[in-house]
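Novice: Input file: run12.pdb. Contents: PDB, N, CA and C atoms.
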```pdb
ATOM      1  N   MET A 128     -11.936 -70.656 -61.804  1.00  0.00           N
ATOM      2  CA  MET A 128     -11.902 -69.322 -61.228  1.00  0.00           C
ATOM      3  C   MET A 128     -11.271 -69.396 -59.847  1.00  0.00           C
ATOM      4  N   ASN A 129     -10.260 -68.591 -59.638  1.00  0.00           N
ATOM      5  CA  ASN A 129      -9.577 -68.577 -58.353  1.00  0.00           C
ATOM      6  C   ASN A 129      -9.947 -67.329 -57.583  1.00  0.00           C
ATOM      7  N   GLY A 130      -9.991 -67.449 -56.264  1.00  0.00           N
ATOM      8  CA  GLY A 130     -10.243 -66.300 -55.430  1.00  0.00           C
ATOM      9  C   GLY A 130     -11.721 -66.062 -55.205  1.00  0.00           C
ATOM     10  N   ARG A 131     -11.961 -65.288 -54.191  1.00  0.00           N
ATOM     11  CA  ARG A 131     -13.308 -64.972 -53.762  1.00  0.00           C
ATOM     12  C   ARG A 131     -13.764 -63.659 -54.378  1.00  0.00           C
ATOM     13  N   ILE A 132     -15.075 -63.502 -54.534  1.00  0.00           N
ATOM     14  CA  ILE A 132     -15.656 -62.244 -54.974  1.00  0.00           C
ATOM     15  C   ILE A 132     -16.320 -61.603 -53.748  1.00  0.00           C
ATOM     16  N   PHE A 133     -15.965 -60.362 -53.478  1.00  0.00           N
ATOM     17  CA  PHE A 133     -16.540 -59.634 -52.349  1.00  0.00           C
ATOM     18  C   PHE A 133     -17.632 -58.697 -52.841  1.00  0.00           C
ATOM     19  N   ARG A 134     -18.768 -58.696 -52.176  1.00  0.00           N
ATOM     20  CA  ARG A 134     -19.835 -57.751 -52.480  1.00  0.00           C
ATOM     21  C   ARG A 134     -19.547 -56.430 -51.764  1.00  0.00           C
ATOM     22  N   ARG A 135     -20.236 -55.369 -52.171  1.00  0.00           N
ATOM     23  CA  ARG A 135     -19.935 -54.019 -51.691  1.00  0.00           C
ATOM     24  C   ARG A 135     -19.933 -53.881 -50.166  1.00  0.00           C
ATOM     25  N   PRO A 136     -20.939 -54.384 -49.439  1.00  0.00           N
ATOM     26  CA  PRO A 136     -20.884 -54.216 -47.973  1.00  0.00           C
ATOM     27  C   PRO A 136     -19.620 -54.830 -47.359  1.00  0.00           C
ATOM     28  N   ASP A 137     -19.194 -55.972 -47.905  1.00  0.00           N
ATOM     29  CA  ASP A 137     -17.966 -56.607 -47.407  1.00  0.00           C
ATOM     30  C   ASP A 137     -16.741 -55.753 -47.737  1.00  0.00           C
ATOM     31  N   VAL A 138     -16.731 -55.167 -48.937  1.00  0.00           N
ATOM     32  CA  VAL A 138     -15.614 -54.306 -49.343  1.00  0.00           C
ATOM     33  C   VAL A 138     -15.558 -53.075 -48.431  1.00  0.00           C
ATOM     34  N   GLU A 139     -16.708 -52.488 -48.148  1.00  0.00           N
ATOM     35  CA  GLU A 139     -16.745 -51.318 -47.260  1.00  0.00           C
ATOM     36  C   GLU A 139     -16.152 -51.649 -45.896  1.00  0.00           C
ATOM     37  N   ARG A 140     -16.537 -52.798 -45.336  1.00  0.00           N
ATOM     38  CA  ARG A 140     -15.988 -53.205 -44.034  1.00  0.00           C
ATOM     39  C   ARG A 140     -14.496 -53.489 -44.120  1.00  0.00           C
ATOM     40  N   LEU A 141     -14.078 -54.145 -45.203  1.00  0.00           N
ATOM     41  CA  LEU A 141     -12.681 -54.534 -45.362  1.00  0.00           C
ATOM     42  C   LEU A 141     -11.756 -53.328 -45.463  1.00  0.00           C
ATOM     43  N   VAL A 142     -12.142 -52.335 -46.269  1.00  0.00           N
ATOM     44  CA  VAL A 142     -11.251 -51.194 -46.509  1.00  0.00           C
ATOM     45  C   VAL A 142     -11.597 -49.974 -45.664  1.00  0.00           C
ATOM     46  N   GLY A 143     -12.762 -49.984 -45.016  1.00  0.00           N
ATOM     47  CA  GLY A 143     -13.122 -48.884 -44.137  1.00  0.00           C
ATOM     48  C   GLY A 143     -13.563 -47.622 -44.862  1.00  0.00           C
ATOM     49  N   LEU A 144     -14.098 -47.781 -46.076  1.00  0.00           N
ATOM     50  CA  LEU A 144     -14.563 -46.635 -46.850  1.00  0.00           C
ATOM     51  C   LEU A 144     -16.053 -46.782 -47.134  1.00  0.00           C
ATOM     52  N   SER A 145     -16.733 -45.649 -47.293  1.00  0.00           N
ATOM     53  CA  SER A 145     -18.159 -45.670 -47.602  1.00  0.00           C
ATOM     54  C   SER A 145     -18.386 -45.950 -49.084  1.00  0.00           C
ATOM     55  N   ARG A 146     -19.628 -46.244 -49.415  1.00  0.00           N
ATOM     56  CA  ARG A 146     -19.992 -46.512 -50.808  1.00  0.00           C
ATOM     57  C   ARG A 146     -19.655 -45.330 -51.707  1.00  0.00           C
ATOM     58  N   SER A 147     -20.018 -44.131 -51.274  1.00  0.00           N
ATOM     59  CA  SER A 147     -19.770 -42.957 -52.119  1.00  0.00           C
ATOM     60  C   SER A 147     -18.278 -42.726 -52.317  1.00  0.00           C
ATOM     61  N   THR A 148     -17.485 -42.962 -51.294  1.00  0.00           N
ATOM     62  CA  THR A 148     -16.038 -42.806 -51.418  1.00  0.00           C
ATOM     63  C   THR A 148     -15.460 -43.861 -52.355  1.00  0.00           C
ATOM     64  N   LEU A 149     -15.937 -45.101 -52.225  1.00  0.00           N
ATOM     65  CA  LEU A 149     -15.460 -46.160 -53.126  1.00  0.00           C
ATOM     66  C   LEU A 149     -15.706 -45.794 -54.575  1.00  0.00           C
ATOM     67  N   TYR A 150     -16.937 -45.383 -54.898  1.00  0.00           N
ATOM     68  CA  TYR A 150     -17.263 -45.093 -56.290  1.00  0.00           C
ATOM     69  C   TYR A 150     -16.562 -43.831 -56.791  1.00  0.00           C
ATOM     70  N   ALA A 151     -16.334 -42.871 -55.906  1.00  0.00           N
ATOM     71  CA  ALA A 151     -15.560 -41.684 -56.310  1.00  0.00           C
ATOM     72  C   ALA A 151     -14.123 -42.086 -56.634  1.00  0.00           C
ATOM     73  N   MET A 152     -13.549 -42.950 -55.815  1.00  0.00           N
ATOM     74  CA  MET A 152     -12.178 -43.407 -56.058  1.00  0.00           C
ATOM     75  C   MET A 152     -12.094 -44.258 -57.319  1.00  0.00           C
ATOM     76  N   ILE A 153     -13.126 -45.051 -57.610  1.00  0.00           N
ATOM     77  CA  ILE A 153     -13.153 -45.832 -58.848  1.00  0.00           C
ATOM     78  C   ILE A 153     -13.150 -44.882 -60.037  1.00  0.00           C
ATOM     79  N   ALA A 154     -13.973 -43.844 -59.970  1.00  0.00           N
ATOM     80  CA  ALA A 154     -14.053 -42.871 -61.068  1.00  0.00           C
ATOM     81  C   ALA A 154     -12.724 -42.159 -61.284  1.00  0.00           C
ATOM     82  N   GLU A 155     -11.953 -41.972 -60.203  1.00  0.00           N
ATOM     83  CA  GLU A 155     -10.644 -41.319 -60.288  1.00  0.00           C
ATOM     84  C   GLU A 155      -9.532 -42.298 -60.652  1.00  0.00           C
ATOM     85  N   GLY A 156      -9.853 -43.584 -60.731  1.00  0.00           N
ATOM     86  CA  GLY A 156      -8.849 -44.595 -61.039  1.00  0.00           C
ATOM     87  C   GLY A 156      -7.984 -44.960 -59.850  1.00  0.00           C
ATOM     88  N   ARG A 157      -8.468 -44.691 -58.638  1.00  0.00           N
ATOM     89  CA  ARG A 157      -7.688 -44.941 -57.423  1.00  0.00           C
ATOM     90  C   ARG A 157      -8.164 -46.154 -56.638  1.00  0.00           C
ATOM     91  N   PHE A 158      -9.132 -46.901 -57.186  1.00  0.00           N
ATOM     92  CA  PHE A 158      -9.645 -48.107 -56.531  1.00  0.00           C
ATOM     93  C   PHE A 158     -10.036 -49.081 -57.634  1.00  0.00           C
ATOM     94  N   PRO A 159      -9.872 -50.386 -57.401  1.00  0.00           N
ATOM     95  CA  PRO A 159     -10.192 -51.376 -58.449  1.00  0.00           C
ATOM     96  C   PRO A 159     -11.659 -51.298 -58.875  1.00  0.00           C
ATOM     97  N   LYS A 160     -11.892 -51.493 -60.160  1.00  0.00           N
ATOM     98  CA  LYS A 160     -13.253 -51.529 -60.679  1.00  0.00           C
ATOM     99  C   LYS A 160     -13.902 -52.858 -60.311  1.00  0.00           C
ATOM    100  N   PRO A 161     -15.200 -52.831 -60.046  1.00  0.00           N
ATOM    101  CA  PRO A 161     -15.889 -54.100 -59.771  1.00  0.00           C
ATOM    102  C   PRO A 161     -16.086 -54.894 -61.052  1.00  0.00           C
ATOM    103  N   VAL A 162     -16.373 -56.168 -60.883  1.00  0.00           N
ATOM    104  CA  VAL A 162     -16.694 -57.040 -62.009  1.00  0.00           C
ATOM    105  C   VAL A 162     -18.170 -57.399 -61.931  1.00  0.00           C
ATOM    106  N   ARG A 163     -18.790 -57.529 -63.077  1.00  0.00           N
ATOM    107  CA  ARG A 163     -20.207 -57.888 -63.123  1.00  0.00           C
ATOM    108  C   ARG A 163     -20.349 -59.363 -62.793  1.00  0.00           C
ATOM    109  N   ILE A 164     -21.229 -59.671 -61.833  1.00  0.00           N
ATOM    110  CA  ILE A 164     -21.447 -61.064 -61.447  1.00  0.00           C
ATOM    111  C   ILE A 164     -22.899 -61.489 -61.680  1.00  0.00           C
ATOM    112  N   GLY A 165     -23.691 -60.582 -62.177  1.00  0.00           N
ATOM    113  CA  GLY A 165     -25.092 -60.864 -62.481  1.00  0.00           C
ATOM    114  C   GLY A 165     -25.674 -59.703 -63.259  1.00  0.00           C
ATOM    115  N   LYS A 166     -26.958 -59.795 -63.567  1.00  0.00           N
ATOM    116  CA  LYS A 166     -27.597 -58.745 -64.343  1.00  0.00           C
ATOM    117  C   LYS A 166     -27.542 -57.401 -63.624  1.00  0.00           C
ATOM    118  N   ARG A 167     -27.747 -57.415 -62.308  1.00  0.00           N
ATOM    119  CA  ARG A 167     -27.730 -56.168 -61.535  1.00  0.00           C
ATOM    120  C   ARG A 167     -26.793 -56.271 -60.327  1.00  0.00           C
ATOM    121  N   ALA A 168     -25.772 -57.085 -60.426  1.00  0.00           N
ATOM    122  CA  ALA A 168     -24.885 -57.300 -59.288  1.00  0.00           C
ATOM    123  C   ALA A 168     -23.425 -57.190 -59.706  1.00  0.00           C
ATOM    124  N   VAL A 169     -22.649 -56.571 -58.848  1.00  0.00           N
ATOM    125  CA  VAL A 169     -21.212 -56.483 -59.062  1.00  0.00           C
ATOM    126  C   VAL A 169     -20.491 -56.927 -57.798  1.00  0.00           C
ATOM    127  N   GLY A 170     -19.224 -57.229 -57.962  1.00  0.00           N
ATOM    128  CA  GLY A 170     -18.382 -57.599 -56.836  1.00  0.00           C
ATOM    129  C   GLY A 170     -16.939 -57.292 -57.177  1.00  0.00           C
ATOM    130  N   TRP A 171     -16.086 -57.406 -56.192  1.00  0.00           N
ATOM    131  CA  TRP A 171     -14.665 -57.133 -56.381  1.00  0.00           C
ATOM    132  C   TRP A 171     -13.886 -58.415 -56.164  1.00  0.00           C
ATOM    133  N   ARG A 172     -12.900 -58.647 -57.018  1.00  0.00           N
ATOM    134  CA  ARG A 172     -12.036 -59.821 -56.880  1.00  0.00           C
ATOM    135  C   ARG A 172     -11.135 -59.656 -55.658  1.00  0.00           C
ATOM    136  N   GLU A 173     -10.995 -60.736 -54.939  1.00  0.00           N
ATOM    137  CA  GLU A 173     -10.150 -60.741 -53.747  1.00  0.00           C
ATOM    138  C   GLU A 173      -8.728 -60.294 -54.085  1.00  0.00           C
ATOM    139  N   ALA A 174      -8.184 -60.787 -55.188  1.00  0.00           N
ATOM    140  CA  ALA A 174      -6.809 -60.446 -55.567  1.00  0.00           C
ATOM    141  C   ALA A 174      -6.664 -58.951 -55.845  1.00  0.00           C
ATOM    142  N   ASP A 175      -7.678 -58.347 -56.499  1.00  0.00           N
ATOM    143  CA  ASP A 175      -7.627 -56.909 -56.772  1.00  0.00           C
ATOM    144  C   ASP A 175      -7.633 -56.107 -55.483  1.00  0.00           C
ATOM    145  N   LEU A 176      -8.464 -56.523 -54.528  1.00  0.00           N
ATOM    146  CA  LEU A 176      -8.521 -55.820 -53.238  1.00  0.00           C
ATOM    147  C   LEU A 176      -7.210 -55.999 -52.463  1.00  0.00           C
ATOM    148  N   ARG A 177      -6.684 -57.206 -52.491  1.00  0.00           N
ATOM    149  CA  ARG A 177      -5.417 -57.471 -51.789  1.00  0.00           C
ATOM    150  C   ARG A 177      -4.294 -56.606 -52.370  1.00  0.00           C
ATOM    151  N   ASP A 178      -4.221 -56.523 -53.703  1.00  0.00           N
ATOM    152  CA  ASP A 178      -3.201 -55.690 -54.348  1.00  0.00           C
ATOM    153  C   ASP A 178      -3.371 -54.223 -53.964  1.00  0.00           C
ATOM    154  N   TRP A 179      -4.613 -53.744 -53.939  1.00  0.00           N
ATOM    155  CA  TRP A 179      -4.876 -52.344 -53.585  1.00  0.00           C
ATOM    156  C   TRP A 179      -4.458 -52.079 -52.134  1.00  0.00           C
ATOM    157  N   LEU A 180      -4.818 -52.980 -51.230  1.00  0.00           N
ATOM    158  CA  LEU A 180      -4.445 -52.807 -49.824  1.00  0.00           C
ATOM    159  C   LEU A 180      -2.928 -52.813 -49.652  1.00  0.00           C
ATOM    160  N   GLU A 181      -2.232 -53.680 -50.368  1.00  0.00           N
ATOM    161  CA  GLU A 181      -0.775 -53.717 -50.285  1.00  0.00           C
ATOM    162  C   GLU A 181      -0.167 -52.431 -50.824  1.00  0.00           C
ATOM    163  N   SER A 182      -0.747 -51.869 -51.882  1.00  0.00           N
ATOM    164  CA  SER A 182      -0.221 -50.619 -52.427  1.00  0.00           C
ATOM    165  C   SER A 182      -0.445 -49.477 -51.450  1.00  0.00           C
ATOM    166  N   CYS A 183      -1.536 -49.518 -50.697  1.00  0.00           N
ATOM    167  CA  CYS A 183      -1.776 -48.503 -49.662  1.00  0.00           C
ATOM    168  C   CYS A 183      -0.724 -48.598 -48.577  1.00  0.00           C
ATOM    169  N   ASP A 184      -0.388 -49.817 -48.181  1.00  0.00           N
ATOM    170  CA  ASP A 184       0.645 -50.015 -47.165  1.00  0.00           C
ATOM    171  C   ASP A 184       1.977 -49.471 -47.644  1.00  0.00           C
ATOM    172  N   GLU A 185       2.300 -49.688 -48.925  1.00  0.00           N
ATOM    173  CA  GLU A 185       3.557 -49.184 -49.481  1.00  0.00           C
ATOM    174  C   GLU A 185       3.596 -47.673 -49.475  1.00  0.00           C
ATOM    175  N   GLU A 186       2.479 -47.018 -49.780  1.00  0.00           N
ATOM    176  CA  GLU A 186       2.407 -45.553 -49.782  1.00  0.00           C
ATOM    177  C   GLU A 186       2.625 -45.002 -48.382  1.00  0.00           C
ATOM    178  N   VAL A 187       2.055 -45.659 -47.384  1.00  0.00           N
ATOM    179  CA  VAL A 187       2.202 -45.208 -46.004  1.00  0.00           C
ATOM    180  C   VAL A 187       3.634 -45.360 -45.545  1.00  0.00           C
ATOM    181  N   MET A 188       4.297 -46.424 -45.972  1.00  0.00           N
ATOM    182  CA  MET A 188       5.652 -46.702 -45.540  1.00  0.00           C
ATOM    183  C   MET A 188       6.666 -45.749 -46.169  1.00  0.00           C
ATOM    184  N   GLN A 189       6.333 -45.105 -47.279  1.00  0.00           N
ATOM    185  CA  GLN A 189       7.290 -44.225 -47.960  1.00  0.00           C
ATOM    186  C   GLN A 189       7.307 -42.866 -47.345  1.00  0.00           C
TER     187      GLN A 189
END
```
How does this structure look as structure tokens?
Specialist:
Amino acid sequence: MNGRIFRRPDVERLVGLSRSTLYAMIAEGRFPKPVRIGKRAVGWREADLRDWLESCDEEVMQ
């Protein structure tokens, strides 16, 4: 397995969005879906977050 898994508080700090905004964007297909890492735990793949952040930069630049 390559890359780090980020838990929600880390994702919130990294992207600057609240929990409710993250989950609303996931429901709209505008943010990567988390992966299950335990029975009651999820996280986001580092590569998925990096790709999303890069796509945001591209949108701003256009």
Novice: Which polymer residues have any atom within 7 Å of an atom of A:Trp171, counting only N, CA and C atoms, with same-chain residues fewer than 4 positions away left out, as JSON, numbers by chain?
Specialist: {"A": [131, 132, 133, 134, 135, 160, 161, 162, 175, 176]}
Novice: Please, what distance in Å, to one decimal, runs between atom CA of A:Thr148 and atom CA of A:Arg167?
Specialist: 20.4 Å
Novice: Grab the atom CA of A:Glu181 to atom C of A:Arg163 distance for me, in Å with one decimal place.
Specialist: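 Going from atom CA of A:Glu181 over to atom C of A:Arg163, I get 23.9 Å.
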Novice: Rounded to one decimal, what separation in Å do you get between atom CA of A:Lys166 and atom CA of A:Ser145?
Specialist: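 Atom-to-atom, atom CA of A:Lys166 to atom CA of A:Ser145, that is 23.2 Å.
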Novice: Write out as a ChimeraX atom specification the set of residues from chain A that DSSP, computed on the backbone, places in strand (DSSP E or B).
Specialist: /A:132-133,162-163,169-172
Novice: Write out as an MDAnalysis selection string all residues of chain A that backbone DSSP assigns to helix (DSSP H, G or I).
Specialist: chainID A and resid 135:142 146:154 173:188
Novice: Any chance you could work out the axis-aligned box around stretch 152-157 of chain A, listed atoms only, 5 Å on each side, giving centre and edge lengths in Å to one decimal, as AutoDock Vina command-line options?
Specialist:
```
--center_x -10.9 --center_y -43.7 --center_z -58.5 --size_x 16.4 --size_y 14.8 --size_z 15.5
```
